[in-house]
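Colleague: Structure in structure tokens, see below.
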Amino acid sequence: MDMSSMTMSMDMSSMTMSMSPTGTATGAASTSTGMSMDMGGMDMGGGNDCKISMLWNWYTVDTCFLSSTWHNTSSGMFAGSCIGVILLTMSLELMRRTVKEYDRYLIRKHASTAVSTSAPLPKDGDDKGATANSAPIRQIVTQSGGVRPSVLEQAVRALLHMVQFAVAYFIMLLAMYYNGYIIICIFIGAYIGAFIFHWEPLDGGRRATSATQEPTVCCA
């Protein structure tokens with residue numbers, strides 16, 4: 001009896017030890033499955049309950065952009081975010097126009113030292129005068145080998161480019177949330193911004209238009 005009881009106890013112990021890894025593996029599998037399901041839903045906001053998806057979506061309430069502090073808890077807040085995205089994209093077009101206008105200002109400033117008084121430089125905002133006197137200014141700049149900005153002027157140009165670059169990448173990050181409403185707002189802002197800030201005279205085909213002067217149509 002003693003030997004048989006000892007044998008049974010040893011068999012039960014071996015069965016318990018053999019079942020323990022199986023139970024651990026099953027628990028780990030269920031945990032990983034639960035984590036996979038959570039990641040599939042992309043409910044990554046933690047306690048804030050932010051809705052973030054790496055696929056095309058039409059989320060409005062409880063959406064988060066760029067940071068957990070940008071949390072749209074209502075439809076009104078999401079509408080305000082849409083308006084902000086439109087204005088941000090319009091500001092990118094404004095920065096593009098500002099960069100070009102500053103370069104034109106430097107060219108006029110350089111040419112003003114060589115232009116005679118019989119052909120005065122046009123004033124800012126005088127489109128007719130700009131078209132009439134653009135040929136002499138271009139001729140002077142070409143003959144002088146172009147315009148090389150000073151250190152301060154180049155620092156301003158670099159600052160304007162940096163701001164334009166930063167705004168463009170913020171817009172790109174917003175587009176990577178794949179929210180249909182936000183992407184549509186980016187398109188609307190680009191349209192309105194181009195309509196307002198790139199409405200400029202075309203110099204009879206002798207000069208490249210604004211569209212061909214952009215380094216890239218996408219961002220910067």
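Ligands are numbered from 1 in the order shown, chains are lettered A, B, ... in the order of the structure tokens, and residues start at 1 in each chain.
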Considering only C-alpha atoms, return as a list of chain:residue names whatever protein or nucleic-acid residues lie within 12 Å of A:Met172, sequence-local ones (same chain, fewer than 2 positions apart) excluded.

Modeller: A:Phe65, A:Leu66, A:Val85, A:Leu88, A:Thr89, A:Leu92, A:Phe165, A:Ala166, A:Val167, A:Ala168, A:Tyr169, A:Phe170, A:Leu174, A:Ala175, A:Met176, A:Tyr177, A:Tyr178, A:Ile182, A:Ile183, A:Ile186, A:Phe187, A:Cys218, A:Cys219, A:Ala220

Colleague: Could you name the residues that touch A:Arg157 at 12 Å or less, counting only C-alpha atoms, but leaving out those on the same chain fewer than 5 positions away, as a PyMOL selection string?

Modeller: chain A and resi 95-96+98-106+148-152+162-164

Colleague: Write out as a list in words which residues come within 7 Å of A:Phe197 when counting only C-alpha atoms, dropping same-chain ones fewer than 4 positions away.

Modeller: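 Close residues of A:Phe197: Glu93, Leu94, Arg97 and Gly193 of chain A.
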
Colleague: Write a file of the just-selected residues containing N, CA and C atoms, as a short mmCIF file (atom, residue, chain, number, x, y, z; two decimals), in the first residue's frame.

Modeller:
data_model
loop_
_atom_site.label_atom_id
_atom_site.label_comp_id
_atom_site.auth_asym_id
_atom_site.auth_seq_id
_atom_site.Cartn_x
_atom_site.Cartn_y
_atom_site.Cartn_z
N GLU A 93 0.65 78.34 -48.30
CA GLU A 93 0.65 79.06 -49.58
C GLU A 93 1.08 80.51 -49.37
N LEU A 94 0.71 81.09 -48.24
CA LEU A 94 1.16 82.45 -47.93
C LEU A 94 2.68 82.49 -47.78
N ARG A 97 4.35 82.42 -51.18
CA ARG A 97 4.29 83.73 -51.84
C ARG A 97 5.24 84.71 -51.17
N GLY A 193 -5.85 78.88 -50.61
CA GLY A 193 -4.57 79.58 -50.48
C GLY A 193 -3.96 79.92 -51.82
#

Colleague: Could you jot down the atom CA of A:Ala79 to atom CA of A:Cys64 separation for me, Å, one decimal place?

Modeller: 13.1 Å

Colleague: How many Å lie between atom CA of A:Trp70 and atom CA of A:Ala194, rounded to one decimal?

Modeller: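 Computing it gives 27.3 Å between the two atoms.
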
Colleague: Could you check which of A:Asn72, A:Ser91, A:Ser81, A:Ser53 is closest to A:Ile192, using only C-alpha atoms?

Modeller: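 Ranking A:Asn72, A:Ser91, A:Ser81, A:Ser53 by distance to A:Ile192, first place goes to A:Ser91.
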
Colleague: Please report, as a PyMOL selection string, each residue of stretch 164-202 of chain A to which DSSP assigns helix (DSSP H, G or I) when run on this structure's backbone.

Modeller: chain A and resi 164-175+180-197

Colleague: Closest to A:Gly180 among A:Met77, A:Leu87, A:Cys82, A:Ala158, using only C-alpha atoms?

Modeller: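 Result for the nearest residue to A:Gly180: A:Cys82.
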
Colleague: Quick one, how far is atom CA of A:Glu200 from atom CA of A:Ala111?

Modeller: 21.3 Å

Colleague: Choose the residue, out of A:Val156, A:Leu202, A:Met90, A:Val147, that has the smallest atom-to-atom separation from A:Ile171; count only C-alpha atoms.

Modeller: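 When distances to A:Ile171 are compared using only C-alpha atoms, the smallest one comes from A:Met90.
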